[in-house]
Amino acid sequence: MPLFPLDFMDKKPIGKSGEFVPAVGVGTWGIRNYLNAENALKHALTIGLNLVDTAEIYGSGKAEVIVGKVVREFSGDVFVTTKLPPERFVDRDEAIAAARASLRRLGLRSVDLILIHWPHPHLPIDRQIKSLEVLADLGLCRYIGVSNFRVNELLSALEATSKYDIVVNQVKYSIYDRGIERELLPLCIREGVTVQAYTPLEGGLVASDKRIADFALKYGKTAVQVALNFLISRPYVLAIPKSERVERIDEFKGALGWRLSDKDIDLIERIF
Ligand SMILES: NC(=O)c1ccc[n+]([C@@H]2O[C@H](COP(=O)([O-])OP(=O)(O)OC[C@H]3O[C@@H](n4cnc5c(N)ncnc54)[C@H](OP(=O)(O)O)[C@@H]3O)[C@@H](O)[C@H]2O)c1
């Protein structure tokens, strides 16, 4: 039996908000060619992968600039997440200034979700969360969340909220790196916190993994699609792989619309 009940949904809840987003979105870290990335992102939105992850620090703000451009030019809905470094949450004014600077780069009046990129090692979590909540209060984002928060940090964050829910914890999760399955993922499922799985392809390594390729062959899929499907088969988990190549964006989409069987998930859990 797999560790978690199989989730067949290709739309995942955003926390307990009642809103749903695609189970596979796109990331924007480490862009090498911005023109290619822009085209890939445009394509992602057109084919329904309309969930984009970015951050203040990606390309020193350049990633936010192209995300904003593509989102503004797109006629449909897009769920945009950005992340601010933890030192921005030292107080409300600093957080407001950083969020406004992100929004200026994006050319948007607000984003859907702002995350604390990683927990500040010295600032108490309740202080970080208090500053984060101010951003939602001012309408700079619709939802708030965290990233790289471990179990105790997430528990403190959940406790610290006064008005808004923590809807997302964005953490590393891949077929090779399943550490969150022990405690963090069960906690997120229990508390209704969506896990955004980052580096879900291990930087592309899964694409050439022979063990994954065996499963891929059986389903007529690629190793990348199997690796993503494994992650989104977990309740409350969505994945945000990155590519600046249009054909790879199509490949990501092919992770949707089917599921590995219980038996194969169980087998994969034993292999990795
Ligand atoms: N919160 C955090 O601290 C944090 C940390 C890391 C990442 N993230 C977010 O998560 C997103 C994804 O993570 P990631 O970028 O670290 O890693 P990833 O999605 O696991 O891998 C991206 C890399 O894989 C390559 N790739 C994509 N499809 C491929 C394929 N079919 N075959 C071979 N290679 C392929 C891409 O190259 P091409 O572009 O050339 O296709 C890119 O270099 C990031 O972009 C970012 O938005 C968040």
# chains A, B, ... in the order shown; residues from 1 in each chain; ligands from 1
$ residues_near_ligand --ligand "ligand 1" --cutoff "6 Å" --atoms "only C-alpha atoms and all ligand atoms" --output "JSON, numbers by chain"
{"A": [27, 28, 29, 53, 54, 117, 147, 170, 171, 198, 199, 200, 201, 202, 203, 204, 207, 224, 240, 241, 242, 243, 244, 245, 248]}
$ residues_around --residues "stretch 173-177 of chain A" --least-positions-apart "3" --cutoff "9 Å" --atoms "only C-alpha atoms" --output "PDB file with N, CA and C atoms, in the first residue's frame"
ATOM      1  N   ILE A 180      10.340  14.877   3.300  1.00  0.00           N
ATOM      2  CA  ILE A 180       9.146  15.518   3.880  1.00  0.00           C
ATOM      3  C   ILE A 180       8.029  14.516   4.167  1.00  0.00           C
ATOM      4  N   GLU A 181       8.146  13.310   3.604  1.00  0.00           N
ATOM      5  CA  GLU A 181       7.043  12.350   3.763  1.00  0.00           C
ATOM      6  C   GLU A 181       6.892  11.842   5.193  1.00  0.00           C
ATOM      7  N   VAL A 195       1.522  21.843  -0.270  1.00  0.00           N
ATOM      8  CA  VAL A 195       2.970  21.734  -0.474  1.00  0.00           C
ATOM      9  C   VAL A 195       3.264  22.041  -1.933  1.00  0.00           C
ATOM     10  N   GLN A 196       4.091  23.071  -2.159  1.00  0.00           N
ATOM     11  CA  GLN A 196       4.575  23.318  -3.516  1.00  0.00           C
ATOM     12  C   GLN A 196       5.951  22.661  -3.581  1.00  0.00           C
ATOM     13  N   ALA A 197       6.048  21.601  -4.378  1.00  0.00           N
ATOM     14  CA  ALA A 197       7.293  20.827  -4.452  1.00  0.00           C
ATOM     15  C   ALA A 197       8.271  21.508  -5.390  1.00  0.00           C
ATOM     16  N   TYR A 198       9.398  21.995  -4.824  1.00  0.00           N
ATOM     17  CA  TYR A 198      10.401  22.615  -5.703  1.00  0.00           C
ATOM     18  C   TYR A 198      11.548  21.659  -5.993  1.00  0.00           C
ATOM     19  N   THR A 199      12.287  21.984  -7.048  1.00  0.00           N
ATOM     20  CA  THR A 199      13.313  21.092  -7.606  1.00  0.00           C
ATOM     21  C   THR A 199      12.763  19.664  -7.776  1.00  0.00           C
ATOM     22  N   PRO A 200      11.564  19.548  -8.349  1.00  0.00           N
ATOM     23  CA  PRO A 200      10.923  18.232  -8.457  1.00  0.00           C
ATOM     24  C   PRO A 200      11.601  17.322  -9.467  1.00  0.00           C
ATOM     25  N   LEU A 201      12.456  17.915 -10.343  1.00  0.00           N
ATOM     26  CA  LEU A 201      13.173  17.102 -11.343  1.00  0.00           C
ATOM     27  C   LEU A 201      14.626  16.920 -10.967  1.00  0.00           C
ATOM     28  N   GLU A 202      14.981  17.377  -9.766  1.00  0.00           N
ATOM     29  CA  GLU A 202      16.393  17.338  -9.348  1.00  0.00           C
ATOM     30  C   GLU A 202      17.275  17.989 -10.412  1.00  0.00           C
ATOM     31  N   VAL A 206      16.359  13.497 -13.081  1.00  0.00           N
ATOM     32  CA  VAL A 206      15.401  12.381 -13.173  1.00  0.00           C
ATOM     33  C   VAL A 206      15.149  11.979 -14.629  1.00  0.00           C
ATOM     34  N   ALA A 227       8.108  11.184 -12.736  1.00  0.00           N
ATOM     35  CA  ALA A 227       8.632  11.804 -11.504  1.00  0.00           C
ATOM     36  C   ALA A 227       7.652  12.858 -10.975  1.00  0.00           C
ATOM     37  N   LEU A 228       7.035  13.605 -11.883  1.00  0.00           N
ATOM     38  CA  LEU A 228       6.065  14.623 -11.453  1.00  0.00           C
ATOM     39  C   LEU A 228       4.762  13.973 -10.999  1.00  0.00           C
ATOM     40  N   PHE A 230       4.323  11.105  -9.683  1.00  0.00           N
ATOM     41  CA  PHE A 230       4.511  10.516  -8.354  1.00  0.00           C
ATOM     42  C   PHE A 230       4.235  11.574  -7.269  1.00  0.00           C
ATOM     43  N   LEU A 231       4.754  12.780  -7.483  1.00  0.00           N
ATOM     44  CA  LEU A 231       4.594  13.842  -6.471  1.00  0.00           C
ATOM     45  C   LEU A 231       3.148  14.304  -6.367  1.00  0.00           C
ATOM     46  N   ALA A 239       3.491  20.523  -8.022  1.00  0.00           N
ATOM     47  CA  ALA A 239       4.914  20.625  -8.368  1.00  0.00           C
ATOM     48  C   ALA A 239       5.156  21.839  -9.257  1.00  0.00           C
ATOM     49  N   ILE A 268       7.761   2.256  -6.405  1.00  0.00           N
ATOM     50  CA  ILE A 268       8.675   3.414  -6.452  1.00  0.00           C
ATOM     51  C   ILE A 268       9.106   3.791  -5.032  1.00  0.00           C
ATOM     52  N   GLU A 269       8.166   3.706  -4.102  1.00  0.00           N
ATOM     53  CA  GLU A 269       8.507   4.037  -2.706  1.00  0.00           C
ATOM     54  C   GLU A 269       9.568   3.084  -2.152  1.00  0.00           C
ATOM     55  N   PHE A 272      13.208   4.106  -4.207  1.00  0.00           N
ATOM     56  CA  PHE A 272      13.925   5.374  -3.952  1.00  0.00           C
ATOM     57  C   PHE A 272      13.959   5.714  -2.471  1.00  0.00           C
TER      58      PHE A 272
END
$ atom_distance --atom1 "atom CA of A:Glu251" --atom2 "atom CA of A:Ile265"
20.3 Å
$ select_by_dssp --residues "stretch 87-246 of chain A" --states "alpha helix (DSSP H)" --output "PyMOL selection string"
chain A and resi 92-106+125-137+151-160+184-191+210-219+223-232+246
$ residues_around --residues "A:Asp262" --least-positions-apart "4" --cutoff "7 Å" --atoms "only C-alpha atoms" --output "PDB file with N, CA, C and O atoms, in the first residue's frame"
ATOM      1  N   MET A   1       0.843  -1.214   0.000  1.00  0.00           N
ATOM      2  CA  MET A   1       0.000   0.000   0.000  1.00  0.00           C
ATOM      3  C   MET A   1       0.872   1.257   0.000  1.00  0.00           C
ATOM      4  O   MET A   1       1.809   1.355   0.794  1.00  0.00           O
ATOM      5  N   PRO A   2       0.560   2.235  -0.878  1.00  0.00           N
ATOM      6  CA  PRO A   2       1.318   3.499  -0.850  1.00  0.00           C
ATOM      7  C   PRO A   2       1.191   4.206   0.501  1.00  0.00           C
ATOM      8  O   PRO A   2       0.233   3.969   1.244  1.00  0.00           O
ATOM      9  N   ASP A 266       3.737   2.170  -4.840  1.00  0.00           N
ATOM     10  CA  ASP A 266       4.305   1.355  -3.777  1.00  0.00           C
ATOM     11  C   ASP A 266       5.709   0.869  -4.175  1.00  0.00           C
ATOM     12  O   ASP A 266       6.659   0.923  -3.385  1.00  0.00           O
TER      13      ASP A 266
END
$ decode --residues "stretch 224-266 of chain A" --atoms "N, CA and C atoms" --output "PDB file, in the first residue's frame"
ATOM      1  N   VAL A 224      10.419  12.193 -16.762  1.00  0.00           N
ATOM      2  CA  VAL A 224      10.042  13.455 -16.112  1.00  0.00           C
ATOM      3  C   VAL A 224       8.559  13.417 -15.718  1.00  0.00           C
ATOM      4  N   GLN A 225       7.743  12.910 -16.615  1.00  0.00           N
ATOM      5  CA  GLN A 225       6.304  12.855 -16.327  1.00  0.00           C
ATOM      6  C   GLN A 225       6.000  11.896 -15.176  1.00  0.00           C
ATOM      7  N   VAL A 226       6.732  10.790 -15.122  1.00  0.00           N
ATOM      8  CA  VAL A 226       6.541   9.848 -14.019  1.00  0.00           C
ATOM      9  C   VAL A 226       6.965  10.498 -12.698  1.00  0.00           C
ATOM     10  N   ALA A 227       8.108  11.184 -12.736  1.00  0.00           N
ATOM     11  CA  ALA A 227       8.632  11.804 -11.504  1.00  0.00           C
ATOM     12  C   ALA A 227       7.652  12.858 -10.975  1.00  0.00           C
ATOM     13  N   LEU A 228       7.035  13.605 -11.883  1.00  0.00           N
ATOM     14  CA  LEU A 228       6.065  14.623 -11.453  1.00  0.00           C
ATOM     15  C   LEU A 228       4.762  13.973 -10.999  1.00  0.00           C
ATOM     16  N   ASN A 229       4.351  12.944 -11.727  1.00  0.00           N
ATOM     17  CA  ASN A 229       3.096  12.264 -11.393  1.00  0.00           C
ATOM     18  C   ASN A 229       3.154  11.644 -10.005  1.00  0.00           C
ATOM     19  N   PHE A 230       4.323  11.105  -9.683  1.00  0.00           N
ATOM     20  CA  PHE A 230       4.511  10.516  -8.354  1.00  0.00           C
ATOM     21  C   PHE A 230       4.235  11.574  -7.269  1.00  0.00           C
ATOM     22  N   LEU A 231       4.754  12.780  -7.483  1.00  0.00           N
ATOM     23  CA  LEU A 231       4.594  13.842  -6.471  1.00  0.00           C
ATOM     24  C   LEU A 231       3.148  14.304  -6.367  1.00  0.00           C
ATOM     25  N   ILE A 232       2.519  14.538  -7.516  1.00  0.00           N
ATOM     26  CA  ILE A 232       1.154  15.084  -7.462  1.00  0.00           C
ATOM     27  C   ILE A 232       0.119  14.021  -7.123  1.00  0.00           C
ATOM     28  N   SER A 233       0.565  12.775  -7.042  1.00  0.00           N
ATOM     29  CA  SER A 233      -0.367  11.738  -6.577  1.00  0.00           C
ATOM     30  C   SER A 233      -0.569  11.853  -5.068  1.00  0.00           C
ATOM     31  N   ARG A 234       0.234  12.677  -4.408  1.00  0.00           N
ATOM     32  CA  ARG A 234       0.072  12.898  -2.967  1.00  0.00           C
ATOM     33  C   ARG A 234      -0.975  13.991  -2.742  1.00  0.00           C
ATOM     34  N   PRO A 235      -1.830  13.817  -1.740  1.00  0.00           N
ATOM     35  CA  PRO A 235      -2.798  14.879  -1.462  1.00  0.00           C
ATOM     36  C   PRO A 235      -2.066  16.173  -1.095  1.00  0.00           C
ATOM     37  N   TYR A 236      -2.635  17.282  -1.517  1.00  0.00           N
ATOM     38  CA  TYR A 236      -2.119  18.614  -1.151  1.00  0.00           C
ATOM     39  C   TYR A 236      -0.750  18.943  -1.747  1.00  0.00           C
ATOM     40  N   VAL A 237      -0.269  18.111  -2.692  1.00  0.00           N
ATOM     41  CA  VAL A 237       1.041  18.405  -3.294  1.00  0.00           C
ATOM     42  C   VAL A 237       0.866  18.846  -4.749  1.00  0.00           C
ATOM     43  N   LEU A 238       1.497  19.966  -5.075  1.00  0.00           N
ATOM     44  CA  LEU A 238       1.626  20.356  -6.483  1.00  0.00           C
ATOM     45  C   LEU A 238       3.105  20.588  -6.754  1.00  0.00           C
ATOM     46  N   ALA A 239       3.491  20.523  -8.022  1.00  0.00           N
ATOM     47  CA  ALA A 239       4.914  20.625  -8.368  1.00  0.00           C
ATOM     48  C   ALA A 239       5.156  21.839  -9.257  1.00  0.00           C
ATOM     49  N   ILE A 240       6.353  22.440  -9.080  1.00  0.00           N
ATOM     50  CA  ILE A 240       6.689  23.629  -9.890  1.00  0.00           C
ATOM     51  C   ILE A 240       8.034  23.433 -10.602  1.00  0.00           C
ATOM     52  N   PRO A 241       8.078  22.499 -11.570  1.00  0.00           N
ATOM     53  CA  PRO A 241       9.316  22.305 -12.335  1.00  0.00           C
ATOM     54  C   PRO A 241       9.624  23.547 -13.167  1.00  0.00           C
ATOM     55  N   LYS A 242      10.889  23.699 -13.529  1.00  0.00           N
ATOM     56  CA  LYS A 242      11.296  24.849 -14.354  1.00  0.00           C
ATOM     57  C   LYS A 242      11.866  24.374 -15.683  1.00  0.00           C
ATOM     58  N   SER A 243      11.485  25.061 -16.749  1.00  0.00           N
ATOM     59  CA  SER A 243      12.194  24.885 -18.017  1.00  0.00           C
ATOM     60  C   SER A 243      12.039  26.140 -18.850  1.00  0.00           C
ATOM     61  N   GLU A 244      13.069  26.441 -19.626  1.00  0.00           N
ATOM     62  CA  GLU A 244      12.957  27.550 -20.559  1.00  0.00           C
ATOM     63  C   GLU A 244      12.835  27.021 -21.987  1.00  0.00           C
ATOM     64  N   ARG A 245      12.377  25.751 -22.096  1.00  0.00           N
ATOM     65  CA  ARG A 245      12.188  25.157 -23.424  1.00  0.00           C
ATOM     66  C   ARG A 245      10.730  24.759 -23.602  1.00  0.00           C
ATOM     67  N   VAL A 246      10.136  25.282 -24.676  1.00  0.00           N
ATOM     68  CA  VAL A 246       8.711  25.078 -24.921  1.00  0.00           C
ATOM     69  C   VAL A 246       8.338  23.589 -24.914  1.00  0.00           C
ATOM     70  N   GLU A 247       9.183  22.756 -25.554  1.00  0.00           N
ATOM     71  CA  GLU A 247       8.816  21.336 -25.660  1.00  0.00           C
ATOM     72  C   GLU A 247       8.841  20.656 -24.287  1.00  0.00           C
ATOM     73  N   ARG A 248       9.660  21.168 -23.392  1.00  0.00           N
ATOM     74  CA  ARG A 248       9.691  20.589 -22.045  1.00  0.00           C
ATOM     75  C   ARG A 248       8.473  21.028 -21.230  1.00  0.00           C
ATOM     76  N   ILE A 249       7.954  22.206 -21.541  1.00  0.00           N
ATOM     77  CA  ILE A 249       6.716  22.663 -20.894  1.00  0.00           C
ATOM     78  C   ILE A 249       5.579  21.714 -21.308  1.00  0.00           C
ATOM     79  N   ASP A 250       5.551  21.358 -22.577  1.00  0.00           N
ATOM     80  CA  ASP A 250       4.550  20.377 -23.038  1.00  0.00           C
ATOM     81  C   ASP A 250       4.732  19.051 -22.298  1.00  0.00           C
ATOM     82  N   GLU A 251       5.988  18.706 -22.104  1.00  0.00           N
ATOM     83  CA  GLU A 251       6.270  17.456 -21.382  1.00  0.00           C
ATOM     84  C   GLU A 251       5.705  17.530 -19.955  1.00  0.00           C
ATOM     85  N   PHE A 252       5.867  18.679 -19.300  1.00  0.00           N
ATOM     86  CA  PHE A 252       5.323  18.829 -17.935  1.00  0.00           C
ATOM     87  C   PHE A 252       3.808  18.601 -17.948  1.00  0.00           C
ATOM     88  N   LYS A 253       3.151  19.169 -18.958  1.00  0.00           N
ATOM     89  CA  LYS A 253       1.691  19.044 -19.025  1.00  0.00           C
ATOM     90  C   LYS A 253       1.281  17.573 -19.089  1.00  0.00           C
ATOM     91  N   GLY A 254       2.115  16.772 -19.741  1.00  0.00           N
ATOM     92  CA  GLY A 254       1.831  15.341 -19.869  1.00  0.00           C
ATOM     93  C   GLY A 254       1.930  14.574 -18.555  1.00  0.00           C
ATOM     94  N   ALA A 255       2.267  15.288 -17.479  1.00  0.00           N
ATOM     95  CA  ALA A 255       2.230  14.632 -16.150  1.00  0.00           C
ATOM     96  C   ALA A 255       0.810  14.630 -15.604  1.00  0.00           C
ATOM     97  N   LEU A 256      -0.074  15.381 -16.266  1.00  0.00           N
ATOM     98  CA  LEU A 256      -1.465  15.490 -15.798  1.00  0.00           C
ATOM     99  C   LEU A 256      -2.361  14.523 -16.569  1.00  0.00           C
ATOM    100  N   GLY A 257      -3.528  14.256 -15.999  1.00  0.00           N
ATOM    101  CA  GLY A 257      -4.543  13.485 -16.721  1.00  0.00           C
ATOM    102  C   GLY A 257      -4.435  11.983 -16.564  1.00  0.00           C
ATOM    103  N   TRP A 258      -3.570  11.516 -15.720  1.00  0.00           N
ATOM    104  CA  TRP A 258      -3.425  10.077 -15.479  1.00  0.00           C
ATOM    105  C   TRP A 258      -2.737   9.914 -14.125  1.00  0.00           C
ATOM    106  N   ARG A 259      -2.686   8.729 -13.598  1.00  0.00           N
ATOM    107  CA  ARG A 259      -1.941   8.473 -12.371  1.00  0.00           C
ATOM    108  C   ARG A 259      -1.238   7.115 -12.444  1.00  0.00           C
ATOM    109  N   LEU A 260      -0.084   7.070 -11.838  1.00  0.00           N
ATOM    110  CA  LEU A 260       0.579   5.786 -11.581  1.00  0.00           C
ATOM    111  C   LEU A 260      -0.371   4.950 -10.738  1.00  0.00           C
ATOM    112  N   SER A 261      -0.302   3.654 -10.886  1.00  0.00           N
ATOM    113  CA  SER A 261      -1.188   2.805 -10.080  1.00  0.00           C
ATOM    114  C   SER A 261      -0.675   2.752  -8.636  1.00  0.00           C
ATOM    115  N   ASP A 262      -1.573   2.375  -7.731  1.00  0.00           N
ATOM    116  CA  ASP A 262      -1.189   2.144  -6.322  1.00  0.00           C
ATOM    117  C   ASP A 262       0.036   1.244  -6.244  1.00  0.00           C
ATOM    118  N   LYS A 263      -0.004   0.191  -7.083  1.00  0.00           N
ATOM    119  CA  LYS A 263       1.060  -0.810  -7.042  1.00  0.00           C
ATOM    120  C   LYS A 263       2.406  -0.202  -7.459  1.00  0.00           C
ATOM    121  N   ASP A 264       2.379   0.611  -8.502  1.00  0.00           N
ATOM    122  CA  ASP A 264       3.638   1.208  -8.970  1.00  0.00           C
ATOM    123  C   ASP A 264       4.145   2.286  -8.003  1.00  0.00           C
ATOM    124  N   ILE A 265       3.231   2.995  -7.388  1.00  0.00           N
ATOM    125  CA  ILE A 265       3.678   3.975  -6.394  1.00  0.00           C
ATOM    126  C   ILE A 265       4.353   3.244  -5.235  1.00  0.00           C
ATOM    127  N   ASP A 266       3.737   2.170  -4.840  1.00  0.00           N
ATOM    128  CA  ASP A 266       4.305   1.355  -3.777  1.00  0.00           C
ATOM    129  C   ASP A 266       5.709   0.869  -4.175  1.00  0.00           C
TER     130      ASP A 266
END
